[in-house]
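Peer 1: For reference, this is final.txt, and it has compact mmCIF, N, CA and C atoms.
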# COMPACT_ATOMS: atom_id res chain seq x y z
N MET I 1 -2.46 -3.09 -12.49
CA MET I 1 -3.82 -2.92 -12.96
C MET I 1 -4.03 -3.60 -14.30
N ALA I 2 -2.97 -3.72 -15.06
CA ALA I 2 -3.09 -4.33 -16.38
C ALA I 2 -3.46 -5.81 -16.27
N THR I 3 -3.09 -6.45 -15.19
CA THR I 3 -3.38 -7.88 -15.03
C THR I 3 -4.35 -8.11 -13.87
N LYS I 4 -5.23 -7.18 -13.63
CA LYS I 4 -6.13 -7.26 -12.47
C LYS I 4 -6.99 -8.51 -12.50
N SER I 5 -7.25 -9.01 -11.31
CA SER I 5 -8.17 -10.14 -11.17
C SER I 5 -9.54 -9.59 -10.77
N GLU I 6 -10.48 -10.48 -10.68
CA GLU I 6 -11.85 -10.10 -10.33
C GLU I 6 -11.93 -9.41 -8.97
N ASN I 7 -11.08 -9.85 -8.04
CA ASN I 7 -11.11 -9.30 -6.68
C ASN I 7 -9.96 -8.35 -6.40
N ALA I 8 -9.46 -7.71 -7.43
CA ALA I 8 -8.31 -6.81 -7.27
C ALA I 8 -8.64 -5.63 -6.36
N VAL I 9 -7.63 -5.18 -5.64
CA VAL I 9 -7.73 -4.00 -4.78
C VAL I 9 -6.51 -3.14 -5.04
N PHE I 10 -6.72 -1.84 -5.16
CA PHE I 10 -5.61 -0.90 -5.32
C PHE I 10 -5.36 -0.21 -3.98
N TRP I 11 -4.10 -0.22 -3.55
CA TRP I 11 -3.69 0.47 -2.33
C TRP I 11 -2.95 1.73 -2.73
N GLY I 12 -3.47 2.87 -2.35
CA GLY I 12 -2.78 4.14 -2.59
C GLY I 12 -2.18 4.60 -1.27
N ILE I 13 -0.85 4.70 -1.24
CA ILE I 13 -0.17 5.05 0.01
C ILE I 13 0.58 6.37 -0.17
N SER I 14 0.22 7.35 0.63
CA SER I 14 0.87 8.66 0.60
C SER I 14 0.59 9.32 1.94
N TYR I 15 1.61 9.63 2.70
CA TYR I 15 1.37 10.22 4.01
C TYR I 15 0.61 11.54 3.89
N SER I 16 1.00 12.37 2.94
CA SER I 16 0.31 13.66 2.78
C SER I 16 -1.07 13.49 2.17
N GLY I 17 -1.24 12.41 1.39
CA GLY I 17 -2.49 12.21 0.67
C GLY I 17 -2.60 13.08 -0.56
N GLU I 18 -1.50 13.71 -0.94
CA GLU I 18 -1.52 14.64 -2.07
C GLU I 18 -0.46 14.29 -3.13
N THR I 19 0.17 13.13 -3.03
CA THR I 19 1.20 12.75 -3.99
C THR I 19 0.57 12.56 -5.37
N ARG I 20 1.02 13.36 -6.32
CA ARG I 20 0.40 13.43 -7.65
C ARG I 20 0.31 12.06 -8.34
N GLU I 21 1.40 11.29 -8.32
CA GLU I 21 1.40 10.00 -9.02
C GLU I 21 0.41 9.02 -8.40
N VAL I 22 0.31 9.02 -7.08
CA VAL I 22 -0.61 8.10 -6.40
C VAL I 22 -2.06 8.50 -6.70
N ILE I 23 -2.33 9.79 -6.75
CA ILE I 23 -3.67 10.26 -7.09
C ILE I 23 -4.04 9.88 -8.51
N GLN I 24 -3.10 10.01 -9.43
CA GLN I 24 -3.36 9.60 -10.82
C GLN I 24 -3.65 8.11 -10.90
N LEU I 25 -2.89 7.30 -10.17
CA LEU I 25 -3.09 5.85 -10.21
C LEU I 25 -4.42 5.44 -9.58
N ILE I 26 -4.82 6.07 -8.50
CA ILE I 26 -6.10 5.70 -7.88
C ILE I 26 -7.27 6.06 -8.80
N LYS I 27 -7.13 7.15 -9.53
CA LYS I 27 -8.16 7.52 -10.51
C LYS I 27 -8.25 6.46 -11.60
N ARG I 28 -7.11 5.98 -12.09
CA ARG I 28 -7.10 4.92 -13.11
C ARG I 28 -7.73 3.64 -12.59
N ALA I 29 -7.40 3.29 -11.36
CA ALA I 29 -7.97 2.08 -10.75
C ALA I 29 -9.48 2.18 -10.69
N LYS I 30 -10.00 3.32 -10.25
CA LYS I 30 -11.45 3.50 -10.14
C LYS I 30 -12.10 3.44 -11.53
N GLU I 31 -11.44 4.00 -12.55
CA GLU I 31 -11.96 3.93 -13.92
C GLU I 31 -12.12 2.47 -14.37
N GLN I 32 -11.24 1.61 -13.88
CA GLN I 32 -11.27 0.19 -14.25
C GLN I 32 -12.14 -0.65 -13.32
N GLY I 33 -12.82 0.00 -12.40
CA GLY I 33 -13.73 -0.71 -11.50
C GLY I 33 -13.03 -1.44 -10.37
N ILE I 34 -11.79 -1.08 -10.08
CA ILE I 34 -11.04 -1.72 -9.00
C ILE I 34 -11.37 -1.01 -7.68
N LYS I 35 -11.63 -1.79 -6.64
CA LYS I 35 -11.86 -1.23 -5.31
C LYS I 35 -10.57 -0.58 -4.83
N THR I 36 -10.68 0.52 -4.09
CA THR I 36 -9.50 1.27 -3.69
C THR I 36 -9.45 1.50 -2.18
N ILE I 37 -8.22 1.48 -1.67
CA ILE I 37 -7.96 1.74 -0.26
C ILE I 37 -6.84 2.79 -0.21
N SER I 38 -7.02 3.78 0.65
CA SER I 38 -5.95 4.77 0.82
C SER I 38 -5.35 4.65 2.20
N ARG I 39 -4.07 4.98 2.30
CA ARG I 39 -3.36 5.05 3.58
C ARG I 39 -2.67 6.40 3.63
N THR I 40 -3.19 7.28 4.47
CA THR I 40 -2.68 8.64 4.56
C THR I 40 -2.63 9.10 6.00
N ARG I 41 -2.20 10.33 6.19
CA ARG I 41 -2.28 10.97 7.50
C ARG I 41 -3.75 11.28 7.78
N PRO I 42 -4.10 11.49 9.03
CA PRO I 42 -5.48 11.88 9.32
C PRO I 42 -5.81 13.25 8.73
N GLY I 43 -7.07 13.46 8.45
CA GLY I 43 -7.50 14.75 7.94
C GLY I 43 -7.97 14.67 6.50
N ASN I 44 -8.39 15.79 6.02
CA ASN I 44 -8.93 15.89 4.68
C ASN I 44 -7.80 15.97 3.66
N ASN I 45 -7.78 15.03 2.71
CA ASN I 45 -6.79 15.08 1.63
C ASN I 45 -7.39 14.41 0.40
N LYS I 46 -6.81 14.68 -0.73
CA LYS I 46 -7.34 14.23 -2.02
C LYS I 46 -7.43 12.70 -2.11
N LEU I 47 -6.38 12.01 -1.68
CA LEU I 47 -6.34 10.56 -1.80
C LEU I 47 -7.44 9.89 -0.98
N SER I 48 -7.61 10.31 0.26
CA SER I 48 -8.65 9.69 1.09
C SER I 48 -10.05 10.02 0.58
N GLN I 49 -10.22 11.17 -0.06
CA GLN I 49 -11.51 11.52 -0.65
C GLN I 49 -11.85 10.60 -1.83
N LEU I 50 -10.84 10.20 -2.60
CA LEU I 50 -11.06 9.37 -3.78
C LEU I 50 -11.26 7.89 -3.45
N ALA I 51 -10.70 7.43 -2.34
CA ALA I 51 -10.70 6.00 -2.01
C ALA I 51 -12.06 5.50 -1.54
N ASP I 52 -12.31 4.22 -1.81
CA ASP I 52 -13.52 3.57 -1.29
C ASP I 52 -13.40 3.37 0.22
N VAL I 53 -12.21 3.05 0.68
CA VAL I 53 -11.93 2.85 2.10
C VAL I 53 -10.68 3.65 2.43
N SER I 54 -10.71 4.38 3.53
CA SER I 54 -9.55 5.17 3.94
C SER I 54 -9.02 4.69 5.28
N LEU I 55 -7.74 4.42 5.33
CA LEU I 55 -7.05 4.07 6.57
C LEU I 55 -6.07 5.20 6.88
N PHE I 56 -5.93 5.51 8.15
CA PHE I 56 -5.10 6.64 8.52
C PHE I 56 -3.95 6.22 9.43
N THR I 57 -2.80 6.82 9.22
CA THR I 57 -1.62 6.61 10.05
C THR I 57 -1.53 7.80 10.99
N SER I 58 -1.33 7.54 12.27
CA SER I 58 -1.29 8.63 13.23
C SER I 58 -0.13 9.58 12.93
N ARG I 59 -0.35 10.81 13.32
CA ARG I 59 0.70 11.81 13.13
C ARG I 59 1.82 11.56 14.12
N ALA I 60 3.01 11.62 13.62
CA ALA I 60 4.18 11.45 14.48
C ALA I 60 5.11 12.63 14.23
N PRO I 61 5.60 13.24 15.29
CA PRO I 61 6.50 14.37 15.08
C PRO I 61 7.79 13.89 14.43
N GLU I 62 8.24 14.62 13.45
CA GLU I 62 9.47 14.31 12.75
C GLU I 62 10.60 15.14 13.33
N ALA I 63 11.76 14.54 13.48
CA ALA I 63 12.93 15.28 13.96
C ALA I 63 13.35 16.29 12.90
N LYS I 64 13.73 17.45 13.30
CA LYS I 64 14.08 18.52 12.36
C LYS I 64 15.38 18.23 11.61
N LEU I 65 16.26 17.39 12.15
CA LEU I 65 17.55 17.15 11.52
C LEU I 65 17.56 15.97 10.55
N ARG I 66 16.47 15.23 10.45
CA ARG I 66 16.43 14.10 9.53
C ARG I 66 16.17 14.59 8.12
N SER I 67 16.68 13.82 7.15
CA SER I 67 16.50 14.20 5.75
C SER I 67 15.22 13.62 5.16
N ALA I 68 14.52 12.78 5.91
CA ALA I 68 13.29 12.18 5.40
C ALA I 68 12.28 12.05 6.54
N ALA I 69 11.05 11.79 6.16
CA ALA I 69 9.96 11.64 7.13
C ALA I 69 10.00 10.23 7.70
N THR I 70 10.93 9.97 8.58
CA THR I 70 11.18 8.63 9.10
C THR I 70 10.03 8.10 9.95
N SER I 71 9.52 8.89 10.88
CA SER I 71 8.45 8.42 11.78
C SER I 71 7.20 8.05 11.01
N SER I 72 6.77 8.89 10.09
CA SER I 72 5.55 8.58 9.33
C SER I 72 5.78 7.38 8.40
N ARG I 73 6.97 7.25 7.87
CA ARG I 73 7.28 6.10 7.00
C ARG I 73 7.23 4.81 7.79
N PHE I 74 7.82 4.78 8.99
CA PHE I 74 7.77 3.58 9.82
C PHE I 74 6.33 3.25 10.21
N ALA I 75 5.53 4.24 10.52
CA ALA I 75 4.14 4.00 10.89
C ALA I 75 3.38 3.37 9.72
N GLN I 76 3.61 3.86 8.52
CA GLN I 76 2.92 3.30 7.35
C GLN I 76 3.40 1.88 7.08
N LEU I 77 4.69 1.64 7.16
CA LEU I 77 5.21 0.29 6.93
C LEU I 77 4.69 -0.69 7.98
N PHE I 78 4.54 -0.23 9.21
CA PHE I 78 4.02 -1.09 10.28
C PHE I 78 2.60 -1.54 9.98
N VAL I 79 1.74 -0.61 9.59
CA VAL I 79 0.36 -0.95 9.26
C VAL I 79 0.31 -1.87 8.05
N LEU I 80 1.10 -1.59 7.04
CA LEU I 80 1.14 -2.43 5.84
C LEU I 80 1.58 -3.85 6.19
N ASP I 81 2.54 -3.98 7.08
CA ASP I 81 3.02 -5.29 7.52
C ASP I 81 1.92 -6.06 8.24
N ILE I 82 1.14 -5.37 9.07
CA ILE I 82 0.02 -6.02 9.77
C ILE I 82 -1.02 -6.52 8.76
N VAL I 83 -1.35 -5.69 7.78
CA VAL I 83 -2.35 -6.09 6.77
C VAL I 83 -1.84 -7.29 5.99
N PHE I 84 -0.57 -7.25 5.56
CA PHE I 84 -0.02 -8.39 4.81
C PHE I 84 -0.03 -9.65 5.66
N SER I 85 0.36 -9.54 6.92
CA SER I 85 0.38 -10.72 7.80
C SER I 85 -1.01 -11.32 7.97
N ALA I 86 -2.02 -10.48 8.12
CA ALA I 86 -3.40 -10.97 8.24
C ALA I 86 -3.83 -11.68 6.95
N TYR I 87 -3.52 -11.07 5.80
CA TYR I 87 -3.87 -11.68 4.52
C TYR I 87 -3.13 -13.00 4.35
N ALA I 88 -1.83 -13.00 4.62
CA ALA I 88 -1.03 -14.20 4.45
C ALA I 88 -1.52 -15.33 5.35
N SER I 89 -1.94 -14.99 6.56
CA SER I 89 -2.46 -16.01 7.47
C SER I 89 -3.77 -16.59 6.97
N ALA I 90 -4.63 -15.73 6.44
CA ALA I 90 -5.93 -16.18 5.94
C ALA I 90 -5.79 -17.00 4.66
N GLN I 91 -4.72 -16.75 3.90
CA GLN I 91 -4.47 -17.43 2.63
C GLN I 91 -3.17 -18.22 2.72
N HIS I 92 -2.95 -18.93 3.81
CA HIS I 92 -1.64 -19.51 4.12
C HIS I 92 -1.05 -20.34 2.98
N ASP I 93 -1.76 -21.35 2.51
CA ASP I 93 -1.20 -22.23 1.49
C ASP I 93 -0.86 -21.47 0.21
N PHE I 94 -1.77 -20.61 -0.22
CA PHE I 94 -1.54 -19.81 -1.42
C PHE I 94 -0.32 -18.91 -1.23
N THR I 95 -0.21 -18.28 -0.07
CA THR I 95 0.91 -17.38 0.20
C THR I 95 2.23 -18.14 0.17
N VAL I 96 2.28 -19.31 0.76
CA VAL I 96 3.50 -20.12 0.77
C VAL I 96 3.90 -20.48 -0.66
N GLU I 97 2.93 -20.87 -1.48
CA GLU I 97 3.21 -21.19 -2.89
C GLU I 97 3.78 -19.98 -3.62
N GLN I 98 3.15 -18.83 -3.43
CA GLN I 98 3.61 -17.63 -4.13
C GLN I 98 4.99 -17.19 -3.67
N LEU I 99 5.26 -17.29 -2.39
CA LEU I 99 6.59 -16.94 -1.88
C LEU I 99 7.65 -17.89 -2.42
N ALA I 100 7.31 -19.16 -2.55
CA ALA I 100 8.26 -20.13 -3.12
C ALA I 100 8.56 -19.77 -4.58
N LYS I 101 7.54 -19.40 -5.34
CA LYS I 101 7.75 -19.00 -6.73
C LYS I 101 8.63 -17.75 -6.81
N THR I 102 8.37 -16.80 -5.92
CA THR I 102 9.15 -15.57 -5.89
C THR I 102 10.61 -15.88 -5.56
N ARG I 103 10.83 -16.74 -4.58
CA ARG I 103 12.19 -17.11 -4.19
C ARG I 103 12.93 -17.74 -5.36
N LYS I 104 12.25 -18.63 -6.09
CA LYS I 104 12.87 -19.28 -7.26
C LYS I 104 13.29 -18.25 -8.30
N MET I 105 12.43 -17.29 -8.56
CA MET I 105 12.73 -16.26 -9.55
C MET I 105 13.93 -15.41 -9.13
N ILE I 106 14.00 -15.11 -7.86
CA ILE I 106 15.11 -14.29 -7.36
C ILE I 106 16.42 -15.08 -7.38
N GLU I 107 16.35 -16.36 -7.05
CA GLU I 107 17.56 -17.20 -7.06
C GLU I 107 18.21 -17.24 -8.44
N VAL I 108 17.42 -17.14 -9.48
CA VAL I 108 17.95 -17.13 -10.84
C VAL I 108 18.89 -15.95 -11.03
N LEU I 109 18.63 -14.85 -10.36
CA LEU I 109 19.48 -13.68 -10.48
C LEU I 109 20.88 -13.90 -9.93
N TYR I 110 21.02 -14.85 -9.01
CA TYR I 110 22.30 -15.08 -8.36
C TYR I 110 23.02 -16.33 -8.87
N ASP I 111 22.50 -16.97 -9.88
CA ASP I 111 23.15 -18.16 -10.46
C ASP I 111 24.24 -17.76 -11.42
Go ahead and express the file in the form of structure tokens.

Peer 2:
Amino acid sequence: MATKSENAVFWGISYSGETREVIQLIKRAKEQGIKTISRTRPGNNKLSQLADVSLFTSRAPEAKLRSAATSSRFAQLFVLDIVFSAYASAQHDFTVEQLAKTRKMIEVLYD
């Protein structure tokens, strides 16, 4: 948010829609006039109420023996990947340039 551009968008991602840090950040984004999108589970929750646009991830039953919410996490990552792919396709040349810059920066770590 500190380096926001004119067309900046804030994505708040929380399956429960009640994660305190994400709610604090979306409030800050709105204070700065940044458009906001939430990605949460379906239903009424604080994050989706605050967002300009709300996207929902379907409920998936979680196995009782897992230590984390694997099904909901995969569902959220899947939707995020689709959104990124659509953006990258629409902004192909820019995306390729930015990925090349990122790769260069990371390669420095391994020199």

Peer 1: Please indicate the distance in Å from CA of Ala75 in chain I to CA of Thr19 in chain I, rounded to one decimal place.

Peer 2: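 Separation between CA of Ala75 in chain I and CA of Thr19 in chain I: 17.5 Å.
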
Peer 1: Among range 5-89 of chain I, which residues carry a DSSP assignment of helix (DSSP H, G or I), reported as a PyMOL selection string?

Peer 2: chain I and resi 20-31+46-50+70-89

Peer 1: Here is a test: counting only C-alpha atoms, which residue of I:Tyr15, I:Phe10, I:Tyr110, I:Phe74 is nearest to Ile37 in chain I?

Peer 2: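 Closest candidate: I:Phe10.
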
Peer 1: Looking only at the backbone, which of the residues in range 16-104 of chain I does DSSP tag as strand (DSSP E or B), as a ChimeraX atom specification?

Peer 2: /I:35-40,53-56

Peer 1: One number please: atom C of Ser5 in chain I to atom N of Glu18 in chain I, in Å, one decimal.

Peer 2: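 Computing the Euclidean distance for atom C of Ser5 in chain I and atom N of Glu18 in chain I yields 26.5 Å.
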
Peer 1: Could you list as a ChimeraX atom specification every residue that has an atom within 8 Å of (-4.0, 5.9, 10.3), using the file's coordinates and counting only C-alpha atoms?

Peer 2: /I:39-42,55-58,76

Peer 1: If you measure from CA of Ala51 in chain I to CA of Thr36 in chain I, what distance in Å do you get, rounded to one decimal?

Peer 2: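 So the two atoms, CA of Ala51 in chain I and CA of Thr36 in chain I, lie 5.2 Å apart.
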
Peer 1: Select, counting all atoms listed in the file, all protein, DNA and RNA residues no farther than 6 Å from (-4.2, 13.7, -6.8) in file coordinates, and express the selection as a list in words.

Peer 2: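 Looking at atoms near the point gives Glu18, Thr19, Arg20, Val22, Ile23, Gln24, Lys46 and Leu47 of chain I.
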
Peer 1: Would you give the centre and edge lengths, in Å to one decimal, of a box along x, y and z around the listed atoms of range 19-26 of chain I, with 4 Å added to each side, as AutoDock Vina command-line options?

Peer 2:
--center_x -2.9 --center_y 9.4 --center_z -7.0 --size_x 16.7 --size_y 16.0 --size_z 15.9

Peer 1: Between I:Leu50, I:Leu109, I:Ser89, I:Glu6, single out the one closest to Ile26 in chain I, counting all atoms listed in the file.

Peer 2: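 Among the listed residues, I:Leu50 lies closest to Ile26 in chain I.
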